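Structure data follow from entry07.cif (mmCIF, C-alpha atoms):
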data_upload
#
loop_
_atom_site.label_atom_id
_atom_site.label_comp_id
_atom_site.auth_asym_id
_atom_site.auth_seq_id
_atom_site.Cartn_x
_atom_site.Cartn_y
_atom_site.Cartn_z
CA MET A 1 183.18 90.19 105.26
CA PRO A 2 183.18 86.90 103.31
CA LEU A 3 180.21 85.94 101.19
CA TRP A 4 177.68 83.58 102.69
CA GLY A 5 178.32 80.07 101.45
CA ASN A 6 180.30 80.81 98.30
CA SER A 7 182.34 77.59 98.11
CA ASP A 8 181.99 73.86 98.69
CA ALA A 9 183.95 74.22 101.93
CA VAL A 10 181.61 76.90 103.31
CA GLU A 11 177.98 76.20 102.43
CA ASP A 12 176.27 78.31 105.10
CA LYS A 13 172.92 79.64 103.98
CA PRO A 14 171.89 83.22 104.87
CA LYS A 15 171.99 83.26 108.66
CA HIS A 16 168.87 85.34 109.25
CA PHE A 17 166.61 82.45 108.21
CA THR A 18 165.24 79.94 110.69
CA ALA A 19 166.03 76.24 110.28
CA ALA A 20 162.57 75.72 108.77
CA GLU A 21 162.97 78.63 106.34
CA LYS A 22 166.35 77.32 105.20
CA LEU A 23 164.64 74.24 103.79
CA ASN A 24 163.22 76.54 101.09
CA VAL A 25 166.59 78.19 100.39
CA TYR A 26 168.91 76.57 97.88
CA ALA A 27 171.79 77.35 95.52
CA THR A 28 171.44 78.24 91.85
CA GLU A 29 173.80 79.80 89.33
CA GLN A 30 172.47 83.21 90.46
CA GLY A 31 173.20 82.63 94.16
CA TRP A 32 171.13 81.60 97.19
CA VAL A 33 167.44 81.78 96.28
CA LYS A 34 164.27 81.34 98.33
CA LYS A 35 161.26 79.47 97.02
CA ILE A 36 158.12 81.54 97.49
CA THR A 37 154.46 81.10 96.53
CA GLY A 38 153.02 83.86 94.38
CA THR A 39 150.02 86.01 95.30
CA GLY A 40 147.52 88.12 93.35
CA GLY A 41 147.68 87.31 89.64
CA ARG A 42 150.39 84.75 90.35
CA ALA A 43 148.57 83.01 93.19
CA ASN A 44 149.94 79.57 94.06
CA ARG A 45 152.67 79.80 91.42
CA ILE A 46 156.09 78.86 92.76
CA GLN A 47 158.73 81.55 92.24
CA GLU A 48 162.36 82.07 93.21
CA GLU A 49 163.63 85.22 94.91
CA VAL A 50 167.39 85.85 94.90
CA ILE A 51 168.43 86.42 98.53
CA VAL A 52 172.23 86.55 98.15
CA ALA A 53 173.60 87.06 94.63
CA ILE A 54 176.71 84.93 94.06
CA GLY A 55 177.52 84.18 90.42
CA ASP A 56 177.92 80.48 89.51
CA LEU A 57 177.14 79.42 93.09
CA GLY A 58 175.63 76.10 91.98
CA THR A 59 178.88 75.21 90.23
CA SER A 60 181.20 76.35 93.03
CA LEU A 61 179.35 74.23 95.60
CA ASN A 62 180.28 71.10 93.62
CA LEU A 63 177.82 68.18 93.89
CA ALA A 64 174.51 68.66 95.65
CA ASP A 65 174.53 67.74 99.34
CA ILE A 66 171.70 66.43 101.49
CA THR A 67 171.10 68.98 104.24
CA ALA A 68 168.01 67.55 105.96
CA ILE A 69 165.83 64.45 106.09
CA ASP A 70 162.39 64.76 107.67
CA TRP A 71 159.39 62.51 108.23
CA ASN A 72 156.17 63.61 106.52
CA ILE A 73 154.18 61.59 109.06
CA ASP A 74 154.23 61.64 112.85
CA SER A 75 152.68 58.24 113.57
CA PHE A 76 152.13 54.79 112.07
CA ASP A 77 149.58 52.16 113.10
CA LYS A 78 150.12 48.47 112.29
CA SER A 79 146.43 47.58 112.33
CA ASP A 80 145.50 50.42 109.96
CA GLY A 81 148.60 50.36 107.75
CA GLY A 82 149.53 53.45 105.80
CA THR A 83 152.36 55.10 103.89
CA LEU A 84 155.82 55.77 105.26
CA SER A 85 156.80 59.12 103.74
CA VAL A 86 160.06 61.07 104.05
CA THR A 87 161.37 64.28 102.45
CA VAL A 88 165.06 64.65 101.60
CA THR A 89 166.22 68.27 101.24
CA PHE A 90 169.27 69.19 99.13
CA ASN A 91 171.26 72.42 99.07
CA GLU A 92 170.42 72.90 95.39
CA PRO A 93 167.83 71.58 92.91
CA VAL A 94 168.43 68.05 91.65
CA GLU A 95 167.15 65.83 88.85
CA VAL A 96 166.11 62.20 89.31
CA ALA A 97 166.28 59.66 86.49
CA THR A 98 164.63 56.26 86.99
CA ASP A 99 165.40 54.66 83.62
CA GLY A 100 167.77 52.12 85.16
CA GLY A 101 166.20 51.91 88.60
CA THR A 102 164.41 53.92 91.28
CA PRO A 103 166.46 55.54 94.08
CA HIS A 104 165.32 54.61 97.56
CA LEU A 105 165.75 55.65 101.16
CA ALA A 106 166.22 53.02 103.87
CA VAL A 107 164.23 53.30 107.10
CA THR A 108 165.69 51.18 109.90
CA ASN A 109 163.36 49.05 112.02
CA GLY A 110 164.72 48.46 115.52
CA ASN A 111 162.50 45.38 115.99
CA GLN A 112 161.53 46.43 119.51
CA GLY A 113 158.22 44.61 119.05
CA THR A 114 157.68 40.86 119.12
CA GLY A 115 159.96 38.83 116.85
CA SER A 116 162.84 39.96 114.63
CA GLY A 117 164.01 40.33 111.05
CA ARG A 118 161.85 43.31 110.07
CA GLY A 119 163.30 46.07 107.94
CA PRO A 120 165.01 47.96 106.59
CA HIS A 121 162.02 49.44 104.78
CA ASN A 122 163.07 50.85 101.41
CA LEU A 123 161.04 53.94 100.53
CA LEU A 124 161.07 54.53 96.76
CA TYR A 125 161.52 57.94 95.16
CA ALA A 126 158.02 59.34 94.55
CA SER A 127 158.32 62.99 93.46
CA GLY A 128 160.33 66.22 93.49
CA THR A 129 162.70 66.07 90.52
CA GLY A 130 163.68 69.57 89.43
CA THR A 131 163.43 70.92 92.99
CA ASN A 132 165.64 70.74 96.10
CA ARG A 133 163.20 68.40 97.89
CA LEU A 134 162.64 64.75 97.02
CA THR A 135 159.87 62.64 98.53
CA PHE A 136 160.34 58.90 99.21
CA GLU A 137 157.39 56.66 100.08
CA LEU A 138 156.42 53.07 100.91
CA ALA A 139 152.84 51.86 101.35
CA ILE A 140 152.34 49.11 103.96
CA ALA A 141 149.02 47.27 104.10
CA ALA A 142 146.93 46.95 107.25
CA ALA A 143 148.13 44.22 109.63
CA ASN A 144 151.14 43.53 107.39
CA ALA A 145 154.01 41.61 108.99
CA ALA A 146 156.50 44.32 107.90
CA THR A 147 156.04 46.01 111.30
CA ASN A 148 154.95 45.09 114.81
CA ALA A 149 153.63 47.24 117.63
CA SER A 150 156.43 49.01 119.54
CA ASP A 151 158.90 48.84 116.62
CA VAL A 152 160.92 52.05 116.39
CA LEU A 153 161.48 53.36 112.85
CA SER A 154 164.48 55.61 112.26
CA ILE A 155 166.64 57.01 109.48
CA ALA A 156 170.38 56.43 109.64
CA ALA A 157 173.23 58.32 107.97
CA ASN A 158 173.69 57.85 104.21
CA ALA A 159 170.22 56.34 103.91
CA VAL A 160 169.72 57.25 100.23
CA ALA A 161 170.79 54.66 97.64
CA LEU A 162 170.71 55.15 93.87
CA ASN A 163 169.51 51.59 93.15
CA SER A 164 170.77 51.97 89.54
CA GLY A 165 168.92 55.28 89.14
CA THR A 166 170.60 58.70 89.22
CA ILE A 167 170.35 61.87 91.31
CA THR A 168 172.27 64.78 89.80
CA GLU A 169 172.49 68.54 90.03
CA MET A 170 170.16 70.45 87.74
CA SER A 171 171.90 71.14 84.45
CA THR A 172 172.17 74.84 83.64
CA GLU A 173 173.49 74.25 80.12
CA HIS A 174 170.31 74.34 78.05
CA PHE A 175 170.42 75.07 74.35
CA VAL A 176 167.29 77.08 73.54
CA LEU A 177 166.07 77.48 69.97
CA GLU A 178 164.03 80.66 69.79
CA GLU A 179 160.79 81.63 68.02
CA GLY A 180 160.09 79.97 64.69
CA THR A 181 161.94 76.70 65.32
CA ASN A 182 158.96 74.81 66.73
CA SER A 183 155.40 75.45 65.47
CA GLY A 184 155.90 79.12 64.76
CA SER A 185 154.25 80.35 67.94
CA ALA A 186 156.00 83.35 69.47
CA ASP A 187 155.95 81.87 72.96
CA GLU A 188 157.27 78.40 72.18
CA PHE A 189 160.80 77.04 72.24
CA ILE A 190 162.65 73.73 72.01
CA ARG A 191 165.40 72.42 74.24
CA LEU A 192 167.79 70.14 72.38
CA GLU A 193 167.90 66.72 73.98
CA GLY A 194 171.05 65.04 75.22
CA ALA A 195 171.05 61.60 76.80
CA GLN A 196 168.65 62.97 79.44
CA GLY A 197 165.62 64.67 77.89
CA GLY A 198 166.03 68.42 77.69
CA HIS A 199 169.43 68.56 79.32
CA LEU A 200 173.08 68.01 78.59
CA ASN A 201 174.80 65.34 80.62
CA GLN A 202 176.86 66.42 83.63
CA GLU A 203 179.75 64.03 83.90
CA ASN A 204 181.11 62.59 87.16
CA ASN A 205 177.95 63.33 89.18
CA THR A 206 177.31 60.63 91.76
CA ALA A 207 174.93 60.07 94.65
CA SER A 208 174.97 62.97 97.08
CA THR A 209 175.98 62.26 100.65
CA ILE A 210 174.66 63.50 103.97
CA THR A 211 176.77 66.40 105.21
CA SER A 212 175.96 66.04 108.92
CA ALA A 213 174.67 62.63 109.97
CA THR A 214 174.24 63.63 113.60
CA ALA A 215 172.18 66.72 112.87
CA ILE A 216 170.02 64.91 110.34
CA GLY A 217 169.37 62.00 112.68
CA THR A 218 168.12 64.44 115.28
CA ALA A 219 165.97 66.34 112.78
CA ALA A 220 164.32 63.24 111.36
CA GLY A 221 163.54 61.74 114.77
CA THR A 222 161.85 58.36 115.13
CA ILE A 223 158.37 56.88 114.85
CA THR A 224 157.13 54.16 117.18
CA VAL A 225 154.63 51.78 115.58
CA ALA A 226 151.27 51.61 117.34
CA ALA A 227 149.18 48.45 117.60
#

For the file at hand, write its structure as structure tokens.
Amino acid sequence: MPLWGNSDAVEDKPKHFTAAEKLNVYATEQGWVKKITGTGGRANRIQEEVIVAIGDLGTSLNLADITAIDWNIDSFDKSDGGTLSVTVTFNEPVEVATDGGTPHLAVTNGNQGTGSGRGPHNLLYASGTGTNRLTFELAIAAANAATNASDVLSIAANAVALNSGTITEMSTEHFVLEEGTNSGSADEFIRLEGAQGGHLNQENNTASTITSATAIGTAAGTITVAA
């Protein structure tokens, strides 16, 4: 039987996981791993458990793909204002660099309320570099004209834009200088810096694209602005 998701053409994650569980499963150079939270002496520490061992899986899958986009909120009220927040899930960990600009995600406003010309709302990258989940957010003040009651907010295909920033696969090529090269402590090490701190550059990496626009549109759903 063929390996689960061992090439860029076949990226199926282990099939015994639910859709929700798959959001915590991603590709590394060891294979498909599952993010778990430690217990006991390792309480609340994030760990990775290898579920399906496939050597160099992160490399064979080519560039990271977006596999899900989900709202982190289920409502928005114009009179109260608030923060539009969305999580973008990739099939492997990614790094975000904002030196040149901050990547953003566009939320479409259908302008179902009174008037027109509102949106898209560009949610800026907020957190998640080094993991397979990036959070994008935009704060909107109370009674702000950015939205009106009855507006329907949605996320279209290919909603993530680099905006002169970068989103790349996690580099696995770290040069580690062992004990004695830093301050002499036995548990310290140094990673030599390339153009991006602590990592060598990966050439030809570009913005990842949504693999299934229809499925993601359904997963993300919509939010109707309340008065």

Requested in this report: I would like the residues chosen by the PyMOL selection byres ((chain A and resi 153) around 7) on the shown file; could you give them as a count of residues only?
Outcome: 10

Report task. Determine the nearest neighbour of Lys15 in chain A from the options A:Val52, A:Ile36, A:Ile140, A:Val94, counting only C-alpha atoms. Result ->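 Nearest to Lys15 in chain A: A:Val52.
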
Report task. Find, counting only C-alpha atoms, the residue in A:Pro103, A:Gly165, A:Gly81, A:Pro120 that gets nearest to Ala139 in chain A. Result -> A:Gly81

Report summary line: Using only C-alpha atoms, the best pick from A:Ala68, A:Val86, A:Ala146, A:Val50 as closest to Glu29 in chain A would be A:Val50

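The list of residues with at least one atom within 6 Å of Phe136 in chain A, based on only C-alpha atoms and without residues fewer than 4 positions apart in the same chain, reads Ser85, Val86, Leu123, Leu124, Tyr125 and Ala126 of chain A.
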
Requested in this report: Apply the PyMOL selection byres ((chain A and resi 14) around 12) to the displayed file and report the matching residues as a PyMOL selection string.
Outcome: chain A and resi 2-6+10-13+15-19+21-27+31-34+50-54

Requested in this report: Could you please determine the separation between CA of Asn91 in chain A and CA of Ile69 in chain A in Å, to one decimal place?
Outcome: 11.9 Å
